[in-house]
Each structure stands twice: as structure tokens, then as C-alpha cells.
Amino acid sequence: YNLGTALLAADSLAAAAELLQRVATARLGEDPEGELRFRALFNLGLANLRRGLAAQGDEAAAPLRVALAAYKRALIMRPGDLDAKWNYE
């Protein structure tokens, strides 16, 4: 997770998205409240949102779909999260 968010901050979006996807789908026994999974999903959405917004034409569709799916999963976990709602919209 930490490496994924560092890559996101450094604009290495594809590498960040790959790592954050792995965290978001991993079995996280030490995350009973789902905090790590939620953060991974949020940042996965952000990485793909930024990738999609930077892309041109048809190349934008796939990362934007992944961003929507990640934010939707995050919102299912925490329906009241305003940042996730904003990014999803």
C-alpha cells in the first residue's frame, strides 16, 4: 500500500494502480475494519481517474471504468465518504 501511494504521488500511475489493485483484492486478515482496503480502493480509483483524464479518445475509457468501479466499491464500504462521492461523480 505504501509503495502504491508513493508511486501515485510520483505520477507513476500504471505502477501505482497495479500495486493498489493487489492490495484492494488481497486477503487482509490484519485489517478487520477494512481501513486499508478502503484506502487502497480510493487510491486505485484516483490513479485510474488521473490516467483516464490524461488519456485521449478511446484510451480514456478503460481507466475511467476501473476508477468508477473502485470508487463504487469504496462507497459500498463507506457510503458517507464525501471525497469518494465527489470523485465518483
# chains A, B, ... in the order shown; residues from 1 in each chain; ligands from 1

$ residues_around --residues "Ala67 (chain A)" --least-positions-apart "4" --cutoff "8 Å" --atoms "only C-alpha atoms" --output "VMD selection string"
chain A and resid 44 to 49 63 71 88

$ residues_around --residues "Arg51 (chain A)" --least-positions-apart "2" --cutoff "12 Å" --atoms "only C-alpha atoms" --output "NGL selection string"
:A and (8 or 11-17 or 44-49 or 53-56 or 59-67)

$ write_last_selection --atoms "N, CA and C atoms" --output "short mmCIF file (atom, residue, chain, number, x, y, z; two decimals), in the first residue's frame"
data_model
loop_
_atom_site.label_atom_id
_atom_site.label_comp_id
_atom_site.auth_asym_id
_atom_site.auth_seq_id
_atom_site.Cartn_x
_atom_site.Cartn_y
_atom_site.Cartn_z
N LEU A 8 1.83 6.74 -6.72
CA LEU A 8 0.74 7.65 -7.11
C LEU A 8 1.18 9.10 -6.95
N ASP A 11 3.40 10.30 -9.70
CA ASP A 11 2.78 10.21 -11.03
C ASP A 11 3.18 8.97 -11.82
N SER A 12 3.57 7.92 -11.14
CA SER A 12 3.79 6.62 -11.78
C SER A 12 2.47 5.86 -11.67
N LEU A 13 1.50 6.31 -12.46
CA LEU A 13 0.11 5.88 -12.27
C LEU A 13 -0.13 4.42 -12.60
N ALA A 14 0.47 3.89 -13.65
CA ALA A 14 0.24 2.49 -14.01
C ALA A 14 0.80 1.57 -12.94
N ALA A 15 2.00 1.84 -12.47
CA ALA A 15 2.61 1.02 -11.42
C ALA A 15 1.83 1.14 -10.12
N ALA A 16 1.39 2.35 -9.80
CA ALA A 16 0.60 2.56 -8.58
C ALA A 16 -0.70 1.78 -8.66
N ALA A 17 -1.38 1.85 -9.80
CA ALA A 17 -2.66 1.16 -9.96
C ALA A 17 -2.49 -0.35 -9.80
N LEU A 44 -6.72 3.57 -5.71
CA LEU A 44 -6.81 2.89 -7.01
C LEU A 44 -7.73 3.69 -7.93
N GLY A 45 -8.84 4.15 -7.38
CA GLY A 45 -9.74 4.99 -8.16
C GLY A 45 -9.06 6.27 -8.60
N LEU A 46 -8.32 6.88 -7.71
CA LEU A 46 -7.64 8.13 -8.04
C LEU A 46 -6.58 7.92 -9.12
N ALA A 47 -5.80 6.86 -9.01
CA ALA A 47 -4.77 6.58 -10.02
C ALA A 47 -5.41 6.40 -11.40
N ASN A 48 -6.49 5.66 -11.46
CA ASN A 48 -7.14 5.42 -12.74
C ASN A 48 -7.91 6.64 -13.23
N LEU A 49 -8.46 7.42 -12.34
CA LEU A 49 -9.12 8.66 -12.73
C LEU A 49 -8.11 9.59 -13.40
N LEU A 53 -8.24 10.78 -17.28
CA LEU A 53 -8.34 12.19 -17.63
C LEU A 53 -7.16 12.64 -18.49
N ALA A 54 -6.02 11.99 -18.34
CA ALA A 54 -4.83 12.35 -19.13
C ALA A 54 -4.85 11.71 -20.52
N ALA A 55 -5.65 10.67 -20.70
CA ALA A 55 -5.68 9.94 -21.97
C ALA A 55 -6.55 10.67 -22.98
N GLN A 56 -6.36 10.29 -24.22
CA GLN A 56 -7.13 10.88 -25.32
C GLN A 56 -8.07 9.83 -25.92
N GLU A 59 -8.71 5.67 -25.44
CA GLU A 59 -7.77 5.21 -24.41
C GLU A 59 -8.21 5.61 -23.01
N ALA A 60 -9.10 6.57 -22.90
CA ALA A 60 -9.57 7.04 -21.59
C ALA A 60 -10.62 6.12 -21.00
N ALA A 61 -11.32 5.36 -21.82
CA ALA A 61 -12.47 4.59 -21.36
C ALA A 61 -12.11 3.54 -20.32
N ALA A 62 -11.09 2.74 -20.56
CA ALA A 62 -10.76 1.65 -19.64
C ALA A 62 -10.34 2.15 -18.27
N PRO A 63 -9.40 3.10 -18.15
CA PRO A 63 -9.05 3.55 -16.81
C PRO A 63 -10.20 4.26 -16.10
N LEU A 64 -11.05 4.95 -16.83
CA LEU A 64 -12.20 5.60 -16.19
C LEU A 64 -13.20 4.57 -15.68
N ARG A 65 -13.38 3.47 -16.41
CA ARG A 65 -14.25 2.38 -15.93
C ARG A 65 -13.69 1.77 -14.65
N VAL A 66 -12.39 1.55 -14.59
CA VAL A 66 -11.76 0.99 -13.40
C VAL A 66 -11.90 1.96 -12.23
N ALA A 67 -11.74 3.26 -12.50
CA ALA A 67 -11.89 4.26 -11.44
C ALA A 67 -13.31 4.23 -10.87
#

$ residues_around --residues "Asp83 (chain A)" --least-positions-apart "2" --cutoff "12 Å" --atoms "only C-alpha atoms" --output "number ranges by chain"
A: 39, 42-43, 45-46, 71, 74-75, 78-81, 85-89

$ residues_around --residues "Met77 (chain A)" --least-positions-apart "3" --cutoff "9 Å" --atoms "only C-alpha atoms" --output "PyMOL selection string"
chain A and resi 34+38+72-74

$ select_by_dssp --residues "region 54-84 of chain A" --states "alpha helix (DSSP H)" --output "PyMOL selection string"
chain A and resi 54+61-77+82-84

$ atom_distance --atom1 "CA of Gly4 (chain A)" --atom2 "CA of Asp31 (chain A)"
17.3 Å

$ residues_around --residues "Val23 (chain A)" --least-positions-apart "6" --cutoff "8 Å" --atoms "only C-alpha atoms" --output "short mmCIF file (atom, residue, chain, number, x, y, z; two decimals) with all heavy atoms, in the first residue's frame"
data_model
loop_
_atom_site.label_atom_id
_atom_site.label_comp_id
_atom_site.auth_asym_id
_atom_site.auth_seq_id
_atom_site.Cartn_x
_atom_site.Cartn_y
_atom_site.Cartn_z
N TYR A 1 0.83 -1.19 0.00
CA TYR A 1 0.00 0.00 0.00
C TYR A 1 0.87 1.25 0.00
O TYR A 1 0.63 2.17 -0.78
CB TYR A 1 -0.96 -0.01 1.20
CG TYR A 1 -1.68 1.30 1.35
CD1 TYR A 1 -2.75 1.61 0.53
CD2 TYR A 1 -1.26 2.25 2.27
CE1 TYR A 1 -3.40 2.83 0.63
CE2 TYR A 1 -1.91 3.46 2.39
CZ TYR A 1 -2.98 3.75 1.57
OH TYR A 1 -3.61 4.95 1.66
N ARG A 37 -8.15 -1.63 3.01
CA ARG A 37 -8.85 -1.94 1.76
C ARG A 37 -9.56 -0.69 1.22
O ARG A 37 -9.49 -0.39 0.03
CB ARG A 37 -9.87 -3.07 1.95
CG ARG A 37 -10.51 -3.49 0.63
CD ARG A 37 -11.42 -4.69 0.77
NE ARG A 37 -10.91 -5.77 1.55
CZ ARG A 37 -10.04 -6.69 1.14
NH1 ARG A 37 -9.57 -6.63 -0.08
NH2 ARG A 37 -9.66 -7.66 1.93
N ALA A 40 -6.95 1.65 -0.17
CA ALA A 40 -6.41 1.11 -1.42
C ALA A 40 -7.40 1.32 -2.56
O ALA A 40 -7.01 1.71 -3.67
CB ALA A 40 -6.07 -0.36 -1.26
#

$ atom_distance --atom1 "CA of Thr5 (chain A)" --atom2 "CA of Thr25 (chain A)"
15.8 Å

$ atom_distance --atom1 "CA of Leu7 (chain A)" --atom2 "CA of Arg27 (chain A)"
22.0 Å

$ decode --residues "region 6-41 of chain A" --atoms "N, CA, C and O atoms" --output "short mmCIF file (atom, residue, chain, number, x, y, z; two decimals), in the first residue's frame"
data_model
loop_
_atom_site.label_atom_id
_atom_site.label_comp_id
_atom_site.auth_asym_id
_atom_site.auth_seq_id
_atom_site.Cartn_x
_atom_site.Cartn_y
_atom_site.Cartn_z
N ALA A 6 3.02 5.98 -2.77
CA ALA A 6 4.21 6.76 -3.14
C ALA A 6 4.32 6.88 -4.66
O ALA A 6 4.65 7.95 -5.19
N LEU A 7 4.05 5.79 -5.36
CA LEU A 7 4.07 5.82 -6.82
C LEU A 7 2.98 6.75 -7.36
O LEU A 7 3.19 7.47 -8.34
N LEU A 8 1.83 6.74 -6.72
CA LEU A 8 0.74 7.65 -7.11
C LEU A 8 1.18 9.10 -6.95
O LEU A 8 0.97 9.92 -7.84
N ALA A 9 1.83 9.41 -5.84
CA ALA A 9 2.29 10.77 -5.60
C ALA A 9 3.37 11.18 -6.60
O ALA A 9 3.50 12.36 -6.93
N ALA A 10 4.12 10.20 -7.11
CA ALA A 10 5.19 10.48 -8.07
C ALA A 10 4.69 10.41 -9.51
O ALA A 10 5.50 10.45 -10.43
N ASP A 11 3.40 10.30 -9.70
CA ASP A 11 2.78 10.21 -11.03
C ASP A 11 3.18 8.97 -11.82
O ASP A 11 3.11 8.97 -13.05
N SER A 12 3.57 7.92 -11.14
CA SER A 12 3.79 6.62 -11.78
C SER A 12 2.47 5.86 -11.67
O SER A 12 2.32 4.91 -10.90
N LEU A 13 1.50 6.31 -12.46
CA LEU A 13 0.11 5.88 -12.27
C LEU A 13 -0.13 4.42 -12.60
O LEU A 13 -0.88 3.75 -11.89
N ALA A 14 0.47 3.89 -13.65
CA ALA A 14 0.24 2.49 -14.01
C ALA A 14 0.80 1.57 -12.94
O ALA A 14 0.14 0.61 -12.53
N ALA A 15 2.00 1.84 -12.47
CA ALA A 15 2.61 1.02 -11.42
C ALA A 15 1.83 1.14 -10.12
O ALA A 15 1.61 0.15 -9.42
N ALA A 16 1.39 2.35 -9.80
CA ALA A 16 0.60 2.56 -8.58
C ALA A 16 -0.70 1.78 -8.66
O ALA A 16 -1.10 1.11 -7.70
N ALA A 17 -1.38 1.85 -9.80
CA ALA A 17 -2.66 1.16 -9.96
C ALA A 17 -2.49 -0.35 -9.80
O ALA A 17 -3.32 -1.01 -9.17
N GLU A 18 -1.41 -0.89 -10.35
CA GLU A 18 -1.18 -2.34 -10.23
C GLU A 18 -1.01 -2.76 -8.77
O GLU A 18 -1.63 -3.71 -8.31
N LEU A 19 -0.20 -2.03 -8.03
CA LEU A 19 0.02 -2.36 -6.62
C LEU A 19 -1.23 -2.15 -5.78
O LEU A 19 -1.58 -2.99 -4.93
N LEU A 20 -1.93 -1.06 -6.01
CA LEU A 20 -3.13 -0.78 -5.23
C LEU A 20 -4.24 -1.78 -5.53
O LEU A 20 -5.01 -2.15 -4.64
N GLN A 21 -4.31 -2.26 -6.77
CA GLN A 21 -5.28 -3.31 -7.11
C GLN A 21 -4.98 -4.58 -6.33
O GLN A 21 -5.89 -5.24 -5.83
N ARG A 22 -3.71 -4.90 -6.21
CA ARG A 22 -3.33 -6.11 -5.46
C ARG A 22 -3.70 -5.97 -3.99
O ARG A 22 -4.19 -6.92 -3.38
N VAL A 23 -3.50 -4.80 -3.41
CA VAL A 23 -3.87 -4.58 -2.01
C VAL A 23 -5.38 -4.63 -1.85
O VAL A 23 -5.91 -5.24 -0.91
N ALA A 24 -6.10 -4.02 -2.77
CA ALA A 24 -7.57 -3.95 -2.67
C ALA A 24 -8.22 -5.32 -2.76
O ALA A 24 -9.29 -5.54 -2.20
N THR A 25 -7.57 -6.27 -3.42
CA THR A 25 -8.16 -7.61 -3.58
C THR A 25 -7.48 -8.67 -2.71
O THR A 25 -7.88 -9.82 -2.75
N ALA A 26 -6.49 -8.26 -1.93
CA ALA A 26 -5.77 -9.22 -1.09
C ALA A 26 -6.60 -9.62 0.13
O ALA A 26 -7.50 -8.90 0.56
N ARG A 27 -6.26 -10.76 0.68
CA ARG A 27 -6.87 -11.18 1.94
C ARG A 27 -6.12 -10.46 3.05
O ARG A 27 -4.95 -10.73 3.28
N LEU A 28 -6.80 -9.55 3.69
CA LEU A 28 -6.15 -8.69 4.69
C LEU A 28 -6.65 -9.05 6.08
O LEU A 28 -7.52 -8.40 6.63
N GLY A 29 -6.08 -10.09 6.65
CA GLY A 29 -6.51 -10.56 7.96
C GLY A 29 -6.27 -9.56 9.07
O GLY A 29 -6.95 -9.56 10.08
N GLU A 30 -5.29 -8.69 8.90
CA GLU A 30 -4.97 -7.72 9.93
C GLU A 30 -5.67 -6.38 9.69
O GLU A 30 -5.26 -5.36 10.21
N ASP A 31 -6.75 -6.39 8.93
CA ASP A 31 -7.49 -5.17 8.59
C ASP A 31 -8.98 -5.39 8.89
O ASP A 31 -9.81 -5.29 7.99
N PRO A 32 -9.32 -5.67 10.14
CA PRO A 32 -10.71 -6.03 10.45
C PRO A 32 -11.72 -4.93 10.17
O PRO A 32 -12.86 -5.20 9.86
N GLU A 33 -11.33 -3.68 10.24
CA GLU A 33 -12.24 -2.57 9.98
C GLU A 33 -12.29 -2.21 8.50
O GLU A 33 -13.10 -1.38 8.09
N GLY A 34 -11.41 -2.78 7.71
CA GLY A 34 -11.40 -2.51 6.28
C GLY A 34 -10.73 -1.19 5.90
O GLY A 34 -10.87 -0.72 4.78
N GLU A 35 -10.01 -0.59 6.84
CA GLU A 35 -9.37 0.70 6.58
C GLU A 35 -8.37 0.63 5.42
O GLU A 35 -8.39 1.47 4.52
N LEU A 36 -7.52 -0.36 5.44
CA LEU A 36 -6.51 -0.49 4.39
C LEU A 36 -7.16 -0.77 3.04
O LEU A 36 -6.78 -0.18 2.03
N ARG A 37 -8.15 -1.63 3.01
CA ARG A 37 -8.85 -1.94 1.76
C ARG A 37 -9.56 -0.69 1.22
O ARG A 37 -9.49 -0.39 0.03
N PHE A 38 -10.23 0.06 2.10
CA PHE A 38 -10.89 1.28 1.66
C PHE A 38 -9.90 2.26 1.07
O PHE A 38 -10.12 2.82 -0.01
N ARG A 39 -8.79 2.48 1.74
CA ARG A 39 -7.78 3.42 1.25
C ARG A 39 -7.17 2.95 -0.07
O ARG A 39 -6.91 3.76 -0.96
N ALA A 40 -6.95 1.65 -0.17
CA ALA A 40 -6.41 1.11 -1.42
C ALA A 40 -7.40 1.32 -2.56
O ALA A 40 -7.01 1.71 -3.67
N LEU A 41 -8.68 1.07 -2.31
CA LEU A 41 -9.70 1.29 -3.34
C LEU A 41 -9.79 2.76 -3.73
O LEU A 41 -9.88 3.09 -4.91
#
